[in-house]
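Undergrad: entry_17.cif is reproduced in full below (mmCIF, C-alpha atoms).
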```cif
data_model
#
loop_
_atom_site.label_atom_id
_atom_site.label_comp_id
_atom_site.auth_asym_id
_atom_site.auth_seq_id
_atom_site.Cartn_x
_atom_site.Cartn_y
_atom_site.Cartn_z
CA MET A 12 17.15 -25.15 -2.12
CA ALA A 13 14.22 -23.21 -3.58
CA PHE A 14 13.89 -21.10 -6.71
CA THR A 15 11.48 -18.35 -7.65
CA LYS A 16 10.94 -15.86 -10.45
CA GLN A 17 11.03 -12.10 -10.04
CA GLU A 18 10.17 -9.22 -12.35
CA THR A 19 11.58 -5.71 -11.98
CA PRO A 20 10.42 -2.46 -13.65
CA GLN A 21 14.01 -1.74 -14.75
CA ILE A 22 16.22 -3.62 -17.19
CA VAL A 23 19.04 -5.37 -15.31
CA ALA A 24 22.48 -4.81 -16.84
CA CYS A 25 24.78 -6.44 -14.25
CA THR A 26 24.70 -8.10 -10.82
CA ALA A 27 27.05 -8.42 -7.85
CA GLU A 28 27.00 -10.31 -4.54
CA GLY A 29 29.08 -9.97 -1.39
CA ASP A 30 29.16 -9.84 2.41
CA MET A 31 28.05 -6.64 4.13
CA LEU A 32 29.81 -5.14 7.16
CA ASP A 33 27.07 -6.48 9.45
CA GLY A 34 27.63 -10.02 8.15
CA THR A 35 24.50 -10.22 5.99
CA ASP A 36 24.52 -11.11 2.31
CA GLY A 37 24.30 -8.23 -0.14
CA LEU A 38 22.85 -8.78 -3.61
CA PHE A 39 23.00 -5.79 -5.95
CA PHE A 40 22.16 -5.13 -9.58
CA GLY A 41 22.79 -2.27 -11.95
CA THR A 42 20.17 -1.00 -14.39
CA THR A 43 20.50 0.31 -17.93
CA ASP A 44 19.40 3.78 -16.77
CA GLY A 45 22.36 4.08 -14.40
CA TYR A 46 20.97 3.04 -11.01
CA VAL A 47 22.40 0.55 -8.51
CA MET A 48 19.79 -1.27 -6.42
CA ARG A 49 19.95 -3.79 -3.59
CA GLU A 50 17.75 -6.87 -3.63
CA ASP A 51 15.70 -8.43 -0.82
CA VAL A 52 15.62 -5.44 1.56
CA GLY A 53 12.86 -3.07 2.62
CA THR A 54 9.11 -3.35 2.12
CA SER A 55 8.75 -1.68 -1.30
CA PHE A 56 10.47 -1.58 -4.66
CA ASP A 57 11.98 1.90 -4.59
CA GLY A 58 8.63 3.19 -3.32
CA LEU A 59 6.51 1.04 -5.65
CA ALA A 60 4.27 -1.76 -4.42
CA ILE A 61 5.70 -5.28 -4.43
CA LYS A 62 3.41 -7.92 -5.91
CA ALA A 63 3.89 -11.42 -4.52
CA VAL A 64 2.22 -14.63 -5.71
CA MET A 65 2.64 -18.10 -4.21
CA ARG A 66 1.15 -21.38 -5.38
CA LEU A 67 1.12 -24.25 -2.90
CA GLN A 68 1.41 -27.87 -4.00
CA PHE A 69 -1.63 -29.95 -4.88
CA ASN A 70 -2.43 -31.81 -1.67
CA GLN A 71 -4.22 -35.16 -1.89
CA PHE A 72 -4.84 -35.34 1.89
CA LYS A 73 -3.56 -38.95 2.10
CA LEU A 74 -6.36 -40.20 -0.19
CA PRO A 75 -5.11 -39.69 -3.77
CA ALA A 76 -7.91 -41.63 -5.50
CA ASN A 77 -10.88 -40.37 -3.47
CA LYS A 78 -13.01 -37.47 -4.64
CA LYS A 79 -13.53 -34.99 -1.81
CA ARG A 80 -15.67 -31.94 -1.10
CA PHE A 81 -13.94 -29.00 0.55
CA ARG A 82 -16.06 -26.70 2.70
CA LYS A 83 -13.78 -24.66 4.93
CA LEU A 84 -10.25 -23.31 4.85
CA VAL A 85 -8.17 -22.20 7.84
CA LEU A 86 -4.95 -20.29 7.16
CA GLU A 87 -2.31 -20.01 9.87
CA MET A 88 0.03 -17.08 9.32
CA GLU A 89 2.76 -15.20 11.13
CA ALA A 90 3.18 -11.51 10.28
CA LEU A 91 4.98 -8.52 11.77
CA ASP A 92 2.02 -6.31 10.87
CA SER A 93 -1.59 -6.79 9.85
CA VAL A 94 -1.70 -7.97 6.23
CA ASN A 95 -4.47 -8.69 3.71
CA ILE A 96 -4.06 -11.74 1.48
CA SER A 97 -6.15 -12.78 -1.52
CA PHE A 98 -6.46 -16.46 -2.40
CA ARG A 99 -8.36 -19.04 -4.41
CA GLN A 100 -8.39 -22.83 -4.68
CA GLN A 101 -7.78 -25.08 -7.68
CA PHE A 102 -8.78 -28.74 -7.85
CA ASP A 103 -7.53 -31.89 -9.64
CA TYR A 104 -4.35 -30.26 -10.92
CA SER A 105 -6.56 -27.58 -12.49
CA ASP A 106 -7.50 -29.92 -15.35
CA GLY A 107 -10.83 -28.16 -15.92
CA ASN A 108 -13.12 -30.96 -14.75
CA TYR A 109 -13.84 -29.08 -11.52
CA ALA A 110 -13.99 -25.31 -11.59
CA ALA A 111 -11.68 -23.28 -9.39
CA SER A 112 -13.21 -21.45 -6.46
CA GLY A 113 -13.84 -17.73 -6.47
CA THR A 114 -11.31 -15.24 -5.17
CA GLN A 115 -11.54 -14.52 -1.45
CA GLY A 116 -9.61 -12.40 1.02
CA ALA A 117 -8.28 -12.94 4.52
CA ASN A 118 -6.60 -10.74 7.09
CA ALA A 119 -3.72 -11.90 9.24
CA GLY A 120 -3.38 -9.86 12.40
CA ALA A 121 -0.01 -8.72 13.62
CA GLY A 122 1.75 -11.31 15.75
CA GLY A 123 2.07 -11.21 19.52
CA GLY A 124 5.15 -11.72 21.65
CA VAL A 125 6.52 -13.38 24.75
CA TRP A 126 6.90 -11.38 27.97
CA ASP A 127 10.52 -10.77 28.98
CA ALA A 128 11.70 -12.42 25.76
CA SER A 129 10.43 -10.39 22.78
CA SER A 130 11.86 -6.95 21.99
CA TRP A 131 9.74 -4.04 23.18
CA ASP A 132 7.59 -2.33 20.50
CA THR A 133 8.19 -5.12 17.98
CA PHE A 134 4.94 -6.99 18.64
CA TYR A 135 1.31 -6.36 19.59
CA TRP A 136 0.00 -7.06 23.06
CA SER A 137 -2.86 -9.55 23.54
CA GLN A 138 -2.28 -11.04 20.09
CA PRO A 139 -1.57 -14.73 19.42
CA LEU A 140 1.84 -15.78 18.15
CA VAL A 141 0.16 -17.26 15.07
CA SER A 142 -2.91 -15.68 13.45
CA GLN A 143 -5.72 -17.75 11.98
CA ALA A 144 -7.96 -16.67 9.12
CA GLU A 145 -11.03 -18.74 8.24
CA ALA A 146 -12.98 -18.82 4.99
CA ASN A 147 -15.91 -20.90 3.73
CA ILE A 148 -15.12 -22.57 0.41
CA ASP A 149 -17.00 -24.91 -1.90
CA GLY A 150 -15.09 -27.24 -4.20
CA VAL A 151 -14.80 -30.86 -5.32
CA GLY A 152 -11.73 -32.79 -6.40
CA ARG A 153 -9.20 -35.47 -5.56
CA ASN A 154 -6.62 -32.84 -4.62
CA MET A 155 -6.49 -29.12 -3.99
CA SER A 156 -3.94 -26.35 -4.37
CA ARG A 157 -4.08 -22.78 -3.13
CA VAL A 158 -2.87 -19.66 -4.90
CA LEU A 159 -2.15 -16.72 -2.59
CA TRP A 160 -1.17 -13.19 -3.58
CA HIS A 161 -0.51 -9.88 -1.93
CA GLU A 162 0.47 -6.36 -3.00
CA SER A 163 1.85 -3.66 -0.72
CA ALA A 164 4.45 -0.91 -0.40
CA ALA A 165 3.80 -0.24 3.28
CA THR A 166 6.52 0.43 5.82
CA SER A 167 5.58 -0.09 9.45
CA LEU A 168 6.97 2.07 12.22
CA LYS A 169 6.64 -0.99 14.45
CA ARG A 170 9.97 -2.07 12.94
CA PHE A 171 11.70 0.78 14.76
CA VAL A 172 12.54 0.07 18.37
CA ARG A 173 13.65 2.86 20.68
CA PHE A 174 17.35 2.68 21.59
CA ASP A 175 17.81 -0.30 19.27
CA ALA A 176 19.38 -0.71 15.85
CA ALA A 177 17.15 -0.60 12.77
CA PRO A 178 17.84 -1.96 9.27
CA SER A 179 18.95 0.86 6.99
CA SER A 180 16.53 -0.33 4.31
CA ASP A 181 13.55 0.15 6.65
CA VAL A 182 14.79 3.60 7.66
CA ASN A 183 15.27 4.57 4.01
CA ASP A 184 11.78 3.35 3.11
CA ALA A 185 10.22 5.30 5.99
CA LEU A 186 12.12 8.46 5.04
CA ASP A 187 11.14 8.02 1.38
CA THR A 188 7.48 7.76 2.38
CA LEU A 189 7.76 10.85 4.59
CA SER A 190 9.62 12.79 1.88
CA SER A 191 7.03 11.85 -0.74
CA GLY A 192 4.22 13.02 1.54
CA LEU A 193 5.97 16.34 2.19
CA ASP A 194 6.53 16.85 -1.55
CA THR A 195 2.82 16.31 -2.19
CA LEU A 196 1.92 18.72 0.60
CA GLN A 197 4.36 21.34 -0.73
CA GLY A 198 2.82 21.02 -4.19
CA ASP A 199 -0.63 21.69 -2.72
CA VAL A 200 0.72 24.72 -0.84
CA ASN A 201 2.41 26.10 -3.97
CA ARG A 202 -0.88 26.00 -5.87
CA ALA A 203 -2.88 27.58 -3.05
CA LEU A 204 -3.99 31.21 -2.81
CA LYS A 205 -1.84 32.62 0.02
CA LEU A 206 -1.94 35.76 2.18
CA PRO A 207 1.14 37.37 3.80
CA ALA A 208 2.45 35.89 7.05
CA GLY A 209 0.74 37.38 10.10
CA THR A 210 -2.55 37.97 8.31
CA ALA A 211 -5.59 36.96 10.33
CA ASP A 212 -7.53 33.89 9.22
CA GLN A 213 -9.86 34.63 6.32
CA THR A 214 -12.97 32.46 6.55
CA LEU A 215 -16.08 32.79 4.43
CA ALA A 216 -18.90 31.73 6.75
CA LEU A 217 -21.23 30.82 3.91
CA THR A 218 -22.83 27.52 3.03
CA ALA A 219 -22.51 26.03 -0.45
CA GLY A 220 -25.96 27.32 -1.33
CA GLN A 221 -25.09 30.82 -0.12
CA ARG A 222 -21.83 30.82 -2.11
CA ALA A 223 -23.50 29.75 -5.33
CA ASN A 224 -23.06 32.24 -8.23
CA LEU A 225 -20.97 34.62 -6.10
CA VAL A 226 -17.56 36.02 -7.04
CA LEU A 227 -14.58 35.94 -4.66
CA ALA A 228 -13.30 39.49 -4.07
CA LEU A 229 -11.41 41.76 -1.67
CA ASP A 230 -13.15 44.50 0.30
CA ALA A 231 -11.85 48.02 1.02
CA SER A 232 -9.70 46.66 3.89
CA GLY A 233 -8.15 43.96 1.71
CA ASN A 234 -10.06 41.10 3.33
CA LEU A 235 -11.74 38.29 1.46
CA THR A 236 -15.40 38.78 0.68
CA THR A 237 -17.93 37.98 -2.04
CA ASN A 238 -19.65 40.12 -4.64
CA GLY A 239 -22.76 39.53 -6.68
CA GLY A 240 -22.45 36.73 -9.18
CA ILE A 241 -22.21 36.77 -12.95
CA ASN A 242 -25.71 36.46 -14.33
CA GLY A 243 -25.26 37.34 -17.98
CA ILE A 244 -23.25 38.93 -20.76
CA SER A 245 -23.62 42.43 -19.28
CA ASP A 246 -22.09 41.31 -15.96
CA ARG A 247 -19.15 39.69 -17.75
CA ARG A 248 -18.50 42.87 -19.75
CA MET A 249 -18.64 44.94 -16.56
CA LEU A 250 -16.10 42.70 -14.80
CA TRP A 251 -13.84 42.72 -17.86
CA ALA A 252 -13.95 46.52 -17.95
CA ARG A 253 -13.06 46.71 -14.25
CA ALA A 254 -10.17 44.29 -14.71
CA LYS A 255 -8.72 46.29 -17.62
CA SER A 256 -9.02 49.49 -15.62
CA ALA A 257 -7.30 47.97 -12.58
CA PHE A 258 -4.33 46.73 -14.63
CA GLY A 259 -4.10 49.76 -16.91
CA VAL A 260 -5.08 47.87 -20.05
CA ALA A 261 -6.65 49.90 -22.83
#
```
For this file, produce the structure as structure tokens.
TA:
Amino acid sequence: MAFTKQETPQIVACTAEGDMLDGTDGLFFGTTDGYVMREDVGTSFDGLAIKAVMRLQFNQFKLPANKKRFRKLVLEMEALDSVNISFRQQFDYSDGNYAASGTQGANAGAGGGVWDASSWDTFYWSQPLVSQAEANIDGVGRNMSRVLWHESAATSLKRFVRFDAAPSSDVNDALDTLSSGLDTLQGDVNRALKLPAGTADQTLALTAGQRANLVLALDASGNLTTNGGINGISDRRMLWARAKSAFGVA
């Protein structure tokens, strides 16, 4: 049995556990702001990135009393998708006699599959079953531990297999990501200057230097154009007078 610690942005008020209809375990908790959330599903925390940290044991490499120099590290990892991991080494139970190594990063490529055995579209062709990431390190000590951490809120469409069942949590995460992107796009559209539907494209074929100090305007046909820029107080007064006249302001 293993134990770990977890921190959530919300304050947990109550918890519940039970069997789901598909036979899996369901762990839920209620928050003080009225939400009910399910634990250990999906690839994000309600759309927020999940931060994960893991410290491995201090390994003496079968020679507990011998001081050793470490020069290279090879990580073997299995991952559904390509993932970036940060890590650093600590020596001699991190007692301070030997400094910890600097922080480094490694990438684990998405795992491969077995022909006629693995599910279609759930793995990457021509990839090994286990990825290896190598890093040059420099440290001295009788033992060494590694601290690894990762942060991500990504949802991979590789989890969805055509004509196959998909976990509802993955579907919800993908739809949340899509909905968030559409909301952002709609916000950009709402703030944009728009012309009626059916209007021909209005493009100002001017470089940045040619547009400098010009004023965006509409010509006699109602199409976008540019007028002479504002070069002084007199130009500003003239534009203000035109604006008041156009809107009937005294």
Undergrad: Ranking A:His161, A:Arg153, A:Arg49, A:Arg222 by minimum distance to Pro75 in chain A and counting all atoms listed in the file, which one comes first?
TA: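 The shortest atom-to-atom distance to Pro75 in chain A comes from A:Arg153.
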Undergrad: Find the residues near Ser97 in chain A: any atom within 10 Å, counting only C-alpha atoms, skip ones fewer than 4 places away on the same chain, and give them as a list in words.
TA: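 The filter keeps Val64, Thr114, Gln115, Gly116, Ala117, Asn118, Val158, Leu159, Trp160, His161 and Glu162 of chain A.
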Undergrad: With the PyMOL selection byres ((chain A and resi 93) around 7) as the selection, what would be picked from this file? Answer as a PDB file with C-alpha atoms, in the coordinates of the input, please.
TA:
```
ATOM      1  CA  ALA A  90       3.180 -11.510  10.280  1.00  0.00           C
ATOM      2  CA  ASP A  92       2.020  -6.310  10.870  1.00  0.00           C
ATOM      3  CA  VAL A  94      -1.700  -7.970   6.230  1.00  0.00           C
ATOM      4  CA  ASN A 118      -6.600 -10.740   7.090  1.00  0.00           C
ATOM      5  CA  ALA A 119      -3.720 -11.900   9.240  1.00  0.00           C
ATOM      6  CA  GLY A 120      -3.380  -9.860  12.400  1.00  0.00           C
ATOM      7  CA  ALA A 121      -0.010  -8.720  13.620  1.00  0.00           C
TER       8      ALA A 121
END
```
Undergrad: Fewer than 2 positions away in the same chain doesn't count, so skip those; otherwise give me all residues within 12 Å of range 204-207 of chain A, counting all atoms listed in the file, as a list in words.
TA: Asp199, Val200, Asn201, Arg202, Gly209, Thr210, Ala211, Asp212, Gln213, Leu227, Leu229, Gly233, Asn234 and Leu235 of chain A
Undergrad: One number please: CA of Phe72 in chain A to CA of Ala144 in chain A, in Å, one decimal.
TA: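 A separation of 20.3 Å between them.
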Undergrad: Ranking A:Thr195, A:Gly29, A:Phe98, A:Ser163 by minimum distance to Met65 in chain A and counting only C-alpha atoms, which one comes first?
TA: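 The shortest atom-to-atom distance to Met65 in chain A comes from A:Phe98.
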Undergrad: CA of Gln101 in chain A to CA of Val85 in chain A: how many Å, to one decimal?
TA: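 Interatomic distance here is 15.8 Å.
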Undergrad: Let me make sure I understand: among A:Asp30, A:Asp187, A:Asp36, A:Glu87, which one has the smallest atom-to-atom distance to Val52 in chain A if we use only C-alpha atoms?
TA: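 Smallest separation from Val52 in chain A among the options: A:Asp36.
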Undergrad: Selection in question (the file shown): the PyMOL selection byres ((chain A and resi 42) around 10). Which residues does it include, as a ChimeraX atom specification?
TA: /A:20-26,40-41,43-48
